[in-house]
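J.: So that we are looking at the same thing, I have put the structure below in structure tokens.
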Amino acid sequence: MDKIVIEHLSLKYPTGTESLRDINLKIPANAITVLFGPAGGGKSSLLRCLNRLNDLVEIQTLSGTIFLDGENILDPKTDVIALRRRVGMVFARPVVLPMSIRQNLTYGLELANEKRRSRLDEAVERGLKLAALWDEVRDRLEDPAIALSGGQQQRLCLARVLANQPEVILLDEPTSGLDPISTGKVEAALQELKKEYTVILVPHSVQQAARTADYAAFFLQGELVEYAEGKELFTHPNVKRTEDYIEGRFG
Amino acid sequence: MKRRFAVDRFLIQRLGISLISLVALLTVVPILAVFAYIIGKGAPAFSWQFLTAMPRDGMRAGGILPAIIGTFYLTLGTAVFSVPLGIAAAIYLSEYARENWLTRLIRIAIINLAGIPSVVYGLFGLGLFVLFLKFGTSILSASLTLSIMTLPVIISAAEEALRAVPQSFRTVSISLGGTNWQTIRKIILPEALPGIITGVILGLERAAGETAPILFTGAAFFLPHLPNSPFDATMALPYHLFVISTQVPGMPIQIQYGTALVLIIFVLGMNLTATIIRSRARAKRQW
């Protein structure tokens, strides 16, 4: 089942740099879809369209449609607050809010006016368990979140998104600043998460793309070059440019 | 040859550092001198009675209670008007306003407001609050005048404090489903608060020590009673100091310096509070 359907999506920034050109992409539920390619290819811009975070920056033109469960989320009438609860995002650099571990987890729910202690506690435990962080922090939930290591912080950011009970999780190079062990933990968590969620990942390397992708989309200079099942794309790419990139002939 | 050059360079550096340290030390000298002088001359006047009694004998004896109370009221009144307005303006400029000609105009206005001589504020307050709005020579008029003078300080300090909060906090809060206002209330304001409070106190401290803006708008030469409404005129420490130093013949010198000492303690006390808040916040800051 396709969770997200993107049709003819084009995006231009006022600096004149075209970021996305006529993107057509169907993203299935309960799978990890990987968007990869060299820097400046438009992967992050696409992610930011999916939860309308691009609203925060100046955009010259944005055209096309993005359907989430059949609803066009680019419609001006879309409730972006509700959308951002359904489509959560983890950023490249872990940004923990200046509060305790627990407060970081409950922040999203409190924004939605959830005050019941039981619900909040439940969300904290659920989020941390799904992000494979529960065992490491269960005894110190009241500690400032900044005291955690970089890898823990990034899993905290993932847990914070999960506590909001989203349907789609966007991850923009979530492991780019992490050591291999932390990276492994995040990737393992993603494999668990795809059972319940739609996961869209911008990986920080081709290797990670190949390791994690159920579906893979190769972006080059704002264009979607090739889109296929992960296994297929990384073993028998159809397009020469994809093949060149995967084999490391340019980057 | 080379060796000697190295030694010379070392010497020059030592000389330079000594010179800079000396100059830095020199800046401390005036403040200490002022302090020592005022304490030395004013301390004899200090007594419980000096702080809590009304002036007697044409202000040549007794205490300075009405001036202390007056300055307290004026500072409070200034805070009531300038703090909410200043913080609101700073939030608008930092969090909502887009960069365009209007916000540029506002910023230029704020900068220029800060540069206007304080006596001009006094005249403006006389024209607008005392005469046109008919508030009379009163605590209200003086507080409003001081507020206008204090606003640019508070706005600039608060805006700077708000802008110092990392942009990533805003992005994360929005991405978790926060509205702009929720983000400001729950993250940005708490983080910026120590900086804002510091700016507020520094602004109010300046207001507390000013004479010119209250000269025509609310300060009284002498009042036999304490003010009991915002529409009363009031005595105030800086103006009282001016009066007893220049307008009253036969004034005992220790009363003049005693008054100066009280004013300095008042202002430095506020300054110290600001410093403590700032350093505590810095120690607590986690990013």
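Labeling convention for the structure tokens: chains A, B, ... as they appear, residues from 1 per chain, ligands from 1 in order of appearance.
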Quick one: everything within 10 Å of stretch 223-225 of chain B, counting only C-alpha atoms, minus sequence neighbours fewer than 4 positions away in the same chain. Send it as an MDAnalysis selection string.
T.: chainID B and resid 54:56 65:67 219 233:235
J.: Go ahead and write the selection's residues with N, CA and C atoms as a compact mmCIF listing (two decimals), in the first residue's frame.
T.:
```
# COMPACT_ATOMS: atom_id res chain seq x y z
N MET B 54 11.64 61.70 57.68
CA MET B 54 11.41 62.79 56.76
C MET B 54 12.49 63.85 56.96
N PRO B 55 12.76 64.67 55.92
CA PRO B 55 13.73 65.75 56.11
C PRO B 55 13.17 66.80 57.08
N ARG B 56 14.07 67.44 57.81
CA ARG B 56 13.64 68.52 58.71
C ARG B 56 14.50 69.75 58.45
N LEU B 65 13.90 59.75 53.54
CA LEU B 65 12.91 58.72 53.21
C LEU B 65 12.09 59.04 51.96
N PRO B 66 11.53 60.25 51.81
CA PRO B 66 10.67 60.49 50.65
C PRO B 66 11.42 60.35 49.33
N ALA B 67 12.70 60.69 49.34
CA ALA B 67 13.47 60.55 48.09
C ALA B 67 13.70 59.08 47.76
N ALA B 219 9.35 65.35 39.46
CA ALA B 219 10.18 65.50 40.65
C ALA B 219 9.79 66.77 41.42
N ALA B 233 3.18 64.34 42.72
CA ALA B 233 4.60 64.51 42.44
C ALA B 233 5.38 63.79 43.53
N THR B 234 6.67 63.60 43.31
CA THR B 234 7.44 62.89 44.31
C THR B 234 8.85 63.44 44.39
N MET B 235 9.48 63.28 45.54
CA MET B 235 10.91 63.53 45.62
C MET B 235 11.62 62.30 45.08
```
J.: Would you tabulate, counting only C-alpha atoms, all residues of chain B that have an atom at most 6 Å from an atom of chain A, showing the closest pair of atoms and their distance in Å to one decimal, sorted by chain then ascending number, as JSON lines?
T.:
```
{"residue": "B:Ser175", "atom": "CA", "partner": "A:Arg84", "partner_atom": "CA", "distance": 5.9}
{"residue": "B:Leu176", "atom": "CA", "partner": "A:Gly108", "partner_atom": "CA", "distance": 5.3}
{"residue": "B:Gly177", "atom": "CA", "partner": "A:Ile81", "partner_atom": "CA", "distance": 4.8}
{"residue": "B:Gly178", "atom": "CA", "partner": "A:Leu111", "partner_atom": "CA", "distance": 5.9}
```
J.: Between B:Val165, B:Gly269, B:Gln247, B:Ala24, which is the closest to B:Pro194 once you count only C-alpha atoms?
T.: B:Val165
J.: Determine which residues of stretch 9-244 of chain A receive a DSSP assignment of alpha helix (DSSP H), computed from the backbone, and state them as an NGL selection string.
T.: :A and (43-50 or 80-86 or 101-111 or 117-130 or 134-137 or 150-163 or 180-193 or 206-212 or 230-235 or 240-244)
J.: List every residue of stretch 108-221 of chain A that DSSP, applied to the backbone of this structure, assigns to strand (DSSP E or B), and report them as a list of chain:residue names.
T.: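 Written out, the strand (DSSP E or B) residues of stretch 108-221 of chain A are A:Pro144, A:Val168, A:Ile169, A:Leu170, A:Leu171, A:Asp172, A:Thr198, A:Val199, A:Ile200, A:Leu201, A:Val202, A:Tyr215, A:Ala216, A:Ala217, A:Phe218, A:Phe219, A:Leu220.
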J.: Mind dumping the selected residues with N, CA and C atoms as a PDB file, in the first residue's frame?
T.:
```pdb
ATOM      1  N   PRO A 144      19.313  15.982  32.942  1.00  0.00           N
ATOM      2  CA  PRO A 144      19.281  16.807  31.723  1.00  0.00           C
ATOM      3  C   PRO A 144      19.687  15.976  30.514  1.00  0.00           C
ATOM      4  N   VAL A 168       4.486   8.425   9.875  1.00  0.00           N
ATOM      5  CA  VAL A 168       5.651   8.438   8.988  1.00  0.00           C
ATOM      6  C   VAL A 168       6.826   9.024   9.760  1.00  0.00           C
ATOM      7  N   ILE A 169       8.007   8.425   9.589  1.00  0.00           N
ATOM      8  CA  ILE A 169       9.197   8.970  10.240  1.00  0.00           C
ATOM      9  C   ILE A 169      10.216   9.344   9.170  1.00  0.00           C
ATOM     10  N   LEU A 170      10.602  10.625   9.177  1.00  0.00           N
ATOM     11  CA  LEU A 170      11.614  11.101   8.238  1.00  0.00           C
ATOM     12  C   LEU A 170      12.944  11.186   8.973  1.00  0.00           C
ATOM     13  N   LEU A 171      13.992  10.664   8.358  1.00  0.00           N
ATOM     14  CA  LEU A 171      15.306  10.740   8.997  1.00  0.00           C
ATOM     15  C   LEU A 171      16.312  11.320   8.013  1.00  0.00           C
ATOM     16  N   ASP A 172      16.880  12.475   8.377  1.00  0.00           N
ATOM     17  CA  ASP A 172      17.811  13.167   7.483  1.00  0.00           C
ATOM     18  C   ASP A 172      19.241  12.920   7.956  1.00  0.00           C
ATOM     19  N   THR A 198       5.923   4.012   8.459  1.00  0.00           N
ATOM     20  CA  THR A 198       6.538   4.258   7.164  1.00  0.00           C
ATOM     21  C   THR A 198       7.829   5.016   7.433  1.00  0.00           C
ATOM     22  N   VAL A 199       8.943   4.458   7.021  1.00  0.00           N
ATOM     23  CA  VAL A 199      10.232   5.079   7.332  1.00  0.00           C
ATOM     24  C   VAL A 199      10.866   5.612   6.051  1.00  0.00           C
ATOM     25  N   ILE A 200      11.244   6.875   6.069  1.00  0.00           N
ATOM     26  CA  ILE A 200      11.934   7.460   4.921  1.00  0.00           C
ATOM     27  C   ILE A 200      13.280   7.987   5.402  1.00  0.00           C
ATOM     28  N   LEU A 201      14.335   7.443   4.825  1.00  0.00           N
ATOM     29  CA  LEU A 201      15.671   7.705   5.341  1.00  0.00           C
ATOM     30  C   LEU A 201      16.557   8.316   4.267  1.00  0.00           C
ATOM     31  N   VAL A 202      17.209   9.414   4.625  1.00  0.00           N
ATOM     32  CA  VAL A 202      18.314   9.902   3.797  1.00  0.00           C
ATOM     33  C   VAL A 202      19.586   9.392   4.479  1.00  0.00           C
ATOM     34  N   TYR A 215      13.257   0.022  -0.334  1.00  0.00           N
ATOM     35  CA  TYR A 215      13.126   0.702  -1.618  1.00  0.00           C
ATOM     36  C   TYR A 215      14.165   1.808  -1.650  1.00  0.00           C
ATOM     37  N   ALA A 216      14.678   2.087  -2.823  1.00  0.00           N
ATOM     38  CA  ALA A 216      15.720   3.101  -2.908  1.00  0.00           C
ATOM     39  C   ALA A 216      15.450   4.032  -4.079  1.00  0.00           C
ATOM     40  N   ALA A 217      15.656   5.343  -3.821  1.00  0.00           N
ATOM     41  CA  ALA A 217      15.485   6.338  -4.869  1.00  0.00           C
ATOM     42  C   ALA A 217      16.787   7.103  -4.998  1.00  0.00           C
ATOM     43  N   PHE A 218      17.319   7.180  -6.205  1.00  0.00           N
ATOM     44  CA  PHE A 218      18.587   7.855  -6.439  1.00  0.00           C
ATOM     45  C   PHE A 218      18.319   9.262  -6.973  1.00  0.00           C
ATOM     46  N   PHE A 219      18.788  10.268  -6.239  1.00  0.00           N
ATOM     47  CA  PHE A 219      18.581  11.670  -6.614  1.00  0.00           C
ATOM     48  C   PHE A 219      19.881  12.273  -7.095  1.00  0.00           C
ATOM     49  N   LEU A 220      19.786  13.005  -8.211  1.00  0.00           N
ATOM     50  CA  LEU A 220      20.955  13.691  -8.728  1.00  0.00           C
ATOM     51  C   LEU A 220      20.539  15.076  -9.196  1.00  0.00           C
TER      52      LEU A 220
END
```
J.: Set the distance at 8 Å and use only C-alpha atoms: which residues neighbour A:Ala29 once local chain neighbours fewer than 2 positions away are removed? I'd like the list as a PyMOL selection string.
T.: chain A and resi 1-4+27+31+197-199
J.: Take the residues just selected and output them with N, CA and C atoms as a PDB file, in the first residue's frame.
T.:
```pdb
ATOM      1  N   MET A   1       0.835  -1.200   0.000  1.00  0.00           N
ATOM      2  CA  MET A   1       0.000   0.000   0.000  1.00  0.00           C
ATOM      3  C   MET A   1       0.869   1.249   0.000  1.00  0.00           C
ATOM      4  N   ASP A   2       0.534   2.190  -0.865  1.00  0.00           N
ATOM      5  CA  ASP A   2       1.335   3.413  -0.907  1.00  0.00           C
ATOM      6  C   ASP A   2       0.860   4.401   0.138  1.00  0.00           C
ATOM      7  N   LYS A   3       1.754   4.748   1.038  1.00  0.00           N
ATOM      8  CA  LYS A   3       1.417   5.698   2.092  1.00  0.00           C
ATOM      9  C   LYS A   3       1.458   7.122   1.541  1.00  0.00           C
ATOM     10  N   ILE A   4       2.506   7.364   0.752  1.00  0.00           N
ATOM     11  CA  ILE A   4       2.720   8.711   0.216  1.00  0.00           C
ATOM     12  C   ILE A   4       2.863   8.633  -1.299  1.00  0.00           C
ATOM     13  N   ILE A  27       5.675   6.036  -2.141  1.00  0.00           N
ATOM     14  CA  ILE A  27       6.391   5.498  -0.993  1.00  0.00           C
ATOM     15  C   ILE A  27       5.479   4.558  -0.208  1.00  0.00           C
ATOM     16  N   ALA A  31       7.787   0.045   5.297  1.00  0.00           N
ATOM     17  CA  ALA A  31       9.051  -0.281   4.646  1.00  0.00           C
ATOM     18  C   ALA A  31      10.003   0.887   4.858  1.00  0.00           C
ATOM     19  N   TYR A 197       5.649   1.541  11.104  1.00  0.00           N
ATOM     20  CA  TYR A 197       5.672   2.895  10.549  1.00  0.00           C
ATOM     21  C   TYR A 197       6.161   2.888   9.109  1.00  0.00           C
ATOM     22  N   THR A 198       5.923   4.012   8.459  1.00  0.00           N
ATOM     23  CA  THR A 198       6.538   4.258   7.164  1.00  0.00           C
ATOM     24  C   THR A 198       7.829   5.016   7.433  1.00  0.00           C
ATOM     25  N   VAL A 199       8.943   4.458   7.021  1.00  0.00           N
ATOM     26  CA  VAL A 199      10.232   5.079   7.332  1.00  0.00           C
ATOM     27  C   VAL A 199      10.866   5.612   6.051  1.00  0.00           C
TER      28      VAL A 199
END
```
J.: What gap, in Å, lies between atom CA of A:Asp79 and atom CA of A:Arg119?
T.: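 We find that atom CA of A:Asp79 and atom CA of A:Arg119 lie 23.9 Å from each other.
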J.: List as an MDAnalysis selection string the protein and nucleic acid residues near A:His8, meaning an atom at most 9 Å away when only C-alpha atoms are counted, but skip any in the same chain fewer than 4 places from it.
T.: chainID A and resid 21:25 63:66
J.: In Å to one decimal, how far is atom CA of B:Thr179 from atom CA of A:Leu120?
T.: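 The value is 20.0 Å.
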J.: Find, counting only C-alpha atoms, the residue in A:Glu114, A:Glu58, A:Leu133, A:Leu224 that gets nearest to A:Ser10.
T.: A:Leu224
J.: Would you compute the distance between atom CA of B:Tyr73 and atom CA of B:Phe50? Give it in Å to one decimal.
T.: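 Spanning atom CA of B:Tyr73 to atom CA of B:Phe50 is a straight-line distance of 18.8 Å.
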J.: When you count only C-alpha atoms, which of these residues is closest to A:Gln154: A:Val124, A:Leu130, A:Val186, A:Leu74?
T.: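 Ranking A:Val124, A:Leu130, A:Val186, A:Leu74 by distance to A:Gln154, first place goes to A:Val186.
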J.: Rank nothing, just name the residue among B:Gly127, B:Gly136, B:Pro44, B:Gly199 nearest to B:Gly218, using only C-alpha atoms.
T.: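 Going through B:Gly127, B:Gly136, B:Pro44, B:Gly199 one by one, the smallest distance to B:Gly218 is for B:Gly136.
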J.: So which residues touch B:Lys134 within 12 Å, counting only C-alpha atoms, skipping near sequence neighbours fewer than 5 positions away, as a compact mmCIF listing (two decimals) with N, CA and C atoms, in the first residue's frame?
T.:
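Saved result, out_34.txt, follows:
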```
# COMPACT_ATOMS: atom_id res chain seq x y z
N GLY B 125 8.36 64.63 27.66
CA GLY B 125 7.41 64.17 28.68
C GLY B 125 6.57 65.32 29.21
N LEU B 126 7.21 66.47 29.37
CA LEU B 126 6.48 67.66 29.84
C LEU B 126 5.37 68.00 28.85
N GLY B 127 5.74 68.01 27.57
CA GLY B 127 4.76 68.37 26.55
C GLY B 127 3.64 67.34 26.45
N LEU B 128 4.00 66.07 26.37
CA LEU B 128 2.99 65.04 26.10
C LEU B 128 2.21 64.65 27.36
N PHE B 129 2.94 64.19 28.38
CA PHE B 129 2.24 63.60 29.52
C PHE B 129 1.72 64.65 30.51
N LEU B 140 3.21 59.33 37.58
CA LEU B 140 2.77 58.74 36.32
C LEU B 140 3.51 59.36 35.12
N SER B 141 3.50 60.69 35.06
CA SER B 141 4.18 61.35 33.94
C SER B 141 5.67 61.01 33.92
N THR B 217 8.82 66.58 34.89
CA THR B 217 7.65 65.71 34.74
C THR B 217 7.11 65.15 36.05
N PHE B 231 -0.71 60.14 40.77
CA PHE B 231 -0.86 61.49 40.24
C PHE B 231 -0.19 62.53 41.12
```
